[in-house]
file final38.csv (CSV, C-alpha atoms)
chain,number,residue,atom,x,y,z
U,1,MET,CA,97.5,69.9,86.5
U,2,ALA,CA,95.6,73.1,86.7
U,3,THR,CA,93.9,74.0,89.9
U,4,LYS,CA,90.6,75.8,90.3
U,5,LYS,CA,91.0,79.4,91.4
U,6,SER,CA,89.3,80.3,94.6
U,7,SER,CA,86.4,82.8,94.4
U,8,GLN,CA,88.4,85.2,96.6
U,9,GLY,CA,91.3,85.2,94.1
U,10,SER,CA,89.1,85.9,91.1
U,11,SER,CA,87.7,89.0,92.8
U,12,LYS,CA,91.0,90.7,93.2
U,13,GLY,CA,91.7,93.6,90.9
U,14,LEU,CA,94.1,96.5,90.3
U,15,GLU,CA,93.1,98.2,93.6
U,16,ASP,CA,94.4,95.1,95.4
U,17,LEU,CA,97.6,95.0,93.4
U,18,PHE,CA,98.1,98.7,94.1
U,19,TYR,CA,97.6,98.3,97.8
U,20,ASN,CA,99.9,95.3,97.9
U,21,GLY,CA,102.6,97.3,96.0
U,22,LEU,CA,102.1,100.2,98.3
U,23,LYS,CA,102.6,98.0,101.4
U,24,ASP,CA,105.6,96.4,99.8
U,25,ILE,CA,107.4,99.7,99.1
U,26,TYR,CA,106.5,101.1,102.5
U,27,TYR,CA,108.2,98.1,104.1
U,28,ALA,CA,111.1,98.5,101.7
U,29,GLU,CA,111.6,102.2,102.4
U,30,ARG,CA,111.7,101.6,106.1
U,31,LYS,CA,114.3,98.8,105.7
U,32,ILE,CA,116.3,101.0,103.3
U,33,LEU,CA,116.4,103.8,105.8
U,34,THR,CA,118.2,101.6,108.3
U,35,ALA,CA,120.5,100.1,105.6
U,36,LEU,CA,121.5,103.6,104.4
U,37,ARG,CA,122.7,104.5,107.9
U,38,LYS,CA,124.9,101.4,108.0
U,39,MET,CA,126.2,102.0,104.5
U,40,ALA,CA,127.1,105.6,105.2
U,41,LYS,CA,128.9,104.5,108.3
U,42,GLY,CA,130.8,101.8,106.4
U,43,ALA,CA,131.7,103.8,103.3
U,44,GLU,CA,135.3,105.0,103.1
U,45,SER,CA,134.8,107.8,100.6
U,46,GLU,CA,133.5,111.0,102.0
U,47,GLU,CA,131.6,111.6,98.8
U,48,LEU,CA,129.9,108.2,99.1
U,49,LYS,CA,129.1,108.8,102.8
U,50,ALA,CA,127.5,112.1,101.8
U,51,ALA,CA,125.5,110.5,99.1
U,52,PHE,CA,124.1,107.9,101.5
U,53,GLU,CA,123.3,110.6,104.1
U,54,LYS,CA,121.6,112.7,101.4
U,55,HIS,CA,119.5,109.8,100.3
U,56,ARG,CA,118.7,108.8,103.8
U,57,ALA,CA,117.1,112.3,104.3
U,58,GLU,CA,115.2,111.9,101.0
U,59,THR,CA,114.0,108.4,102.1
U,60,GLU,CA,112.5,109.9,105.3
U,61,GLY,CA,110.5,112.3,103.0
U,62,GLN,CA,109.6,109.4,100.8
U,63,ILE,CA,108.1,107.5,103.7
U,64,GLU,CA,106.1,110.6,104.7
U,65,ARG,CA,104.8,110.8,101.1
U,66,LEU,CA,103.9,107.1,101.1
U,67,GLN,CA,101.8,107.8,104.2
U,68,GLN,CA,100.0,110.5,102.3
U,69,VAL,CA,99.4,108.1,99.4
U,70,PHE,CA,97.9,105.6,101.9
U,71,ASP,CA,95.6,108.4,103.1
U,72,ALA,CA,94.6,109.3,99.5
U,73,PHE,CA,93.8,105.6,98.9
U,74,GLY,CA,91.8,105.5,102.1
U,75,LYS,CA,94.0,102.9,103.8
U,76,ARG,CA,96.1,102.8,106.9
U,77,ALA,CA,99.9,103.0,106.3
U,78,GLN,CA,101.4,99.6,106.8
U,79,GLY,CA,104.2,97.5,105.5
U,80,LYS,CA,104.2,94.0,104.1
U,81,THR,CA,107.3,91.9,104.2
U,82,CYS,CA,109.2,92.1,101.0
U,83,PRO,CA,111.6,89.2,100.5
U,84,ALA,CA,113.1,91.0,97.4
U,85,ILE,CA,114.3,94.0,99.3
U,86,ASP,CA,115.4,91.9,102.2
U,87,GLY,CA,117.6,89.9,99.9
U,88,ILE,CA,119.1,93.0,98.2
U,89,ILE,CA,119.8,94.6,101.6
U,90,GLU,CA,121.4,91.4,102.8
U,91,GLU,CA,123.7,91.4,99.9
U,92,GLY,CA,124.8,95.0,100.8
U,93,GLN,CA,125.4,93.9,104.4
U,94,GLU,CA,127.6,91.0,103.1
U,95,ILE,CA,129.6,93.5,101.1
U,96,LEU,CA,130.1,95.6,104.2
U,97,GLU,CA,131.3,92.6,106.2
U,98,GLU,CA,133.4,90.8,103.5
U,99,PHE,CA,135.1,93.9,102.1
U,100,GLU,CA,135.6,95.9,105.3
U,101,GLU,CA,138.7,98.1,104.8
U,102,ALA,CA,139.3,96.5,101.4
U,103,PRO,CA,140.1,98.6,98.3
U,104,ALA,CA,136.8,97.5,96.6
U,105,LEU,CA,134.5,98.3,99.5
U,106,ASP,CA,133.1,101.6,98.1
U,107,ALA,CA,132.7,100.1,94.6
U,108,GLY,CA,130.7,97.2,96.1
U,109,LEU,CA,128.6,99.6,98.2
U,110,VAL,CA,127.7,101.7,95.1
U,111,ALA,CA,126.7,98.5,93.3
U,112,ALA,CA,124.6,97.3,96.2
U,113,ALA,CA,122.9,100.8,96.5
U,114,GLN,CA,122.1,100.7,92.8
U,115,SER,CA,120.4,97.4,93.1
U,116,VAL,CA,118.2,99.0,95.7
U,117,GLU,CA,117.5,102.0,93.5
U,118,HIS,CA,116.7,99.8,90.5
U,119,TYR,CA,114.1,97.9,92.6
U,120,GLU,CA,112.6,101.1,93.8
U,121,ILE,CA,112.5,102.6,90.3
U,122,ALA,CA,110.6,99.5,89.1
U,123,ARG,CA,108.2,99.6,92.0
U,124,TYR,CA,107.5,103.3,91.9
U,125,GLY,CA,107.1,103.3,88.1
U,126,THR,CA,104.4,100.6,88.4
U,127,LEU,CA,102.7,102.4,91.3
U,128,VAL,CA,102.5,105.7,89.3
U,129,THR,CA,100.9,104.0,86.4
U,130,TRP,CA,98.4,102.1,88.6
U,131,ALA,CA,97.5,105.2,90.6
U,132,GLY,CA,96.8,107.0,87.4
U,133,LEU,CA,94.6,104.2,86.1
U,134,LEU,CA,92.7,104.1,89.5
U,135,GLY,CA,92.1,107.9,89.3
U,136,LEU,CA,94.1,108.6,92.5
U,137,LYS,CA,95.0,112.1,91.4
U,138,ASP,CA,96.4,113.1,94.8
U,139,ALA,CA,98.7,110.0,94.9
U,140,VAL,CA,100.2,110.3,91.4
U,141,PRO,CA,102.3,113.5,92.0
U,142,LEU,CA,103.6,112.1,95.3
U,143,LEU,CA,104.7,108.9,93.7
U,144,GLU,CA,106.1,110.7,90.7
U,145,ARG,CA,108.2,112.9,93.0
U,146,THR,CA,109.7,109.9,94.7
U,147,LEU,CA,110.3,108.1,91.3
U,148,LYS,CA,112.2,111.2,90.2
U,149,GLU,CA,114.3,111.2,93.4
U,150,GLU,CA,115.1,107.5,93.0
U,151,LYS,CA,116.3,108.0,89.4
U,152,ALA,CA,118.4,111.0,90.4
U,153,THR,CA,120.0,108.9,93.2
U,154,ASP,CA,120.8,106.1,90.7
U,155,GLU,CA,122.4,108.6,88.3
U,156,ALA,CA,124.4,110.1,91.2
U,157,LEU,CA,125.6,106.6,92.2
U,158,THR,CA,126.6,106.0,88.6
U,159,ARG,CA,128.7,109.2,88.5
U,160,LEU,CA,130.4,108.2,91.8
U,161,GLY,CA,131.3,104.9,90.3
U,162,GLU,CA,132.5,106.3,87.1
U,163,THR,CA,134.4,109.3,88.6
U,164,GLY,CA,136.6,107.5,91.0
U,165,VAL,CA,135.2,104.8,93.2
U,166,ASN,CA,135.7,102.0,90.7
U,167,GLU,CA,139.1,103.3,89.6
U,168,ARG,CA,140.3,103.6,93.2
U,169,ALA,CA,139.3,100.0,93.8
U,170,MET,CA,141.4,99.0,90.7
U,171,GLN,CA,144.4,101.1,91.6
U,172,GLN,CA,144.5,100.1,95.2
U,173,ALA,CA,144.1,96.4,94.4
U,174,ALA,CA,147.1,96.5,92.0
call {"tool": "encode", "arguments": {"input": "final38.csv", "output": "structure tokens"}}
result
Amino acid sequence: MATKKSSQGSSKGLEDLFYNGLKDIYYAERKILTALRKMAKGAESEELKAAFEKHRAETEGQIERLQQVFDAFGKRAQGKTCPAIDGIIEEGQEILEEFEEAPALDAGLVAAAQSVEHYEIARYGTLVTWAGLLGLKDAVPLLERTLKEEKATDEALTRLGETGVNERAMQQAA
């Protein structure tokens, strides 16, 4: 049975969606910052540790850019609980715990990190489009820069998996 929409719900538009998405990714980035520290500490490969540390530094810059986007949008920077990123990060934590000192640990961490990156790529891609439609000219380049960094991180993680992490997991397990 269909329910009648509230008058409040019918007045919500793209600005509201953009603001919700912005709060969501702000929360996510702050959670990711903490998770990256744990993943870097847990990784066995020095290359993977370095990749996590590099992205941690980038994430700090991304959070600063998000604060600038909030300013450009005329809103206070604040997060909104994001169950999706909480779940993805929880999966990464499970890998850290279940595969500690196991041959497949780093391969699992790469996979977990790519899940995070894919979420971020989807979210930032949407926010770039919406910021453009809303005429937020100052916000678009900030969001595009972060989207570019997230894509580059995903590509770097793919290379780590393909150039050794996955093979080491296979060889060591044999």
call {"tool": "closest_residue", "arguments": {"input": "final38.csv", "among": "U:Lys41, U:Arg65, U:Arg168, U:Arg30", "to": "U:Lys80", "atoms": "all atoms listed in the file"}}
result
U:Arg30
call {"tool": "closest_residue", "arguments": {"input": "final38.csv", "among": "U:Thr126, U:Leu36, U:Ser10, U:Glu100", "to": "U:Ala51", "atoms": "all atoms listed in the file"}}
result
U:Leu36
call {"tool": "residues_near_point", "arguments": {"input": "final38.csv", "point": "(96.5, 103.8, 99.2)", "cutoff": "9 Å", "atoms": "only C-alpha atoms", "output": "list in words"}}
result
Glu15, Phe18, Tyr19, Leu22, Lys23, Leu66, Gln67, Gln68, Val69, Phe70, Asp71, Ala72, Phe73, Gly74, Lys75, Arg76, Ala77, Ala131, Leu136 and Ala139 of chain U
call {"tool": "closest_atom_pairs", "arguments": {"input": "final38.csv", "of": "stretch 28-113 of chain U", "to": "stretch 141-156 of chain U", "cutoff": "12 Å", "atoms": "only C-alpha atoms", "output": "CSV"}}
result
residue,atom,partner,partner_atom,distance
U:Glu29,CA,U:Thr146,CA,11.1
U:Glu47,CA,U:Ala156,CA,10.6
U:Leu48,CA,U:Ala156,CA,9.8
U:Ala50,CA,U:Ala156,CA,11.2
U:Ala51,CA,U:Ala156,CA,8.0
U:Phe52,CA,U:Thr153,CA,9.3
U:Glu53,CA,U:Thr153,CA,11.5
U:Lys54,CA,U:Thr153,CA,9.2
U:His55,CA,U:Thr153,CA,7.2
U:Arg56,CA,U:Thr153,CA,10.7
U:Ala57,CA,U:Glu149,CA,11.3
U:Glu58,CA,U:Glu149,CA,7.7
U:Thr59,CA,U:Thr146,CA,8.7
U:Glu60,CA,U:Thr146,CA,11.0
U:Gly61,CA,U:Thr146,CA,8.7
U:Gln62,CA,U:Thr146,CA,6.1
U:Ile63,CA,U:Thr146,CA,9.5
U:Glu64,CA,U:Leu142,CA,9.8
U:Arg65,CA,U:Leu142,CA,6.1
U:Leu66,CA,U:Leu143,CA,7.7
U:Gln67,CA,U:Leu142,CA,10.0
U:Gln68,CA,U:Leu142,CA,8.0
U:Val69,CA,U:Leu142,CA,7.1
U:Phe70,CA,U:Leu142,CA,10.9
U:Asp71,CA,U:Leu142,CA,11.8
U:Ala72,CA,U:Leu142,CA,10.3
U:Val110,CA,U:Asp154,CA,9.3
U:Ala111,CA,U:Asp154,CA,10.0
U:Ala112,CA,U:Asp154,CA,11.1
U:Ala113,CA,U:Asp154,CA,8.1
call {"tool": "closest_residue", "arguments": {"input": "final38.csv", "among": "U:Gly13, U:Gly42, U:Gly21, U:Gly132", "to": "U:Glu94", "atoms": "all atoms listed in the file"}}
result
U:Gly42
call {"tool": "closest_residue", "arguments": {"input": "final38.csv", "among": "U:Ser45, U:Leu17, U:Lys31, U:Lys137", "to": "U:Val116", "atoms": "only C-alpha atoms"}}
result
U:Lys31
call {"tool": "closest_residue", "arguments": {"input": "final38.csv", "among": "U:Ala122, U:Val128, U:Ala107, U:Val140", "to": "U:Glu162", "atoms": "all atoms listed in the file"}}
result
U:Ala107
call {"tool": "closest_residue", "arguments": {"input": "final38.csv", "among": "U:Ile89, U:Leu96, U:Leu127, U:Leu105", "to": "U:Ala35", "atoms": "all atoms listed in the file"}}
result
U:Ile89
call {"tool": "atom_distance", "arguments": {"input": "final38.csv", "atom1": "atom CA of U:Ile95", "atom2": "atom CA of U:Thr163"}}
result
20.7 Å
call {"tool": "atom_distance", "arguments": {"input": "final38.csv", "atom1": "atom CA of U:Asp24", "atom2": "atom CA of U:Gly79"}}
result
6.0 Å
call {"tool": "atom_distance", "arguments": {"input": "final38.csv", "atom1": "atom CA of U:Glu46", "atom2": "atom CA of U:Glu120"}}
result
24.5 Å
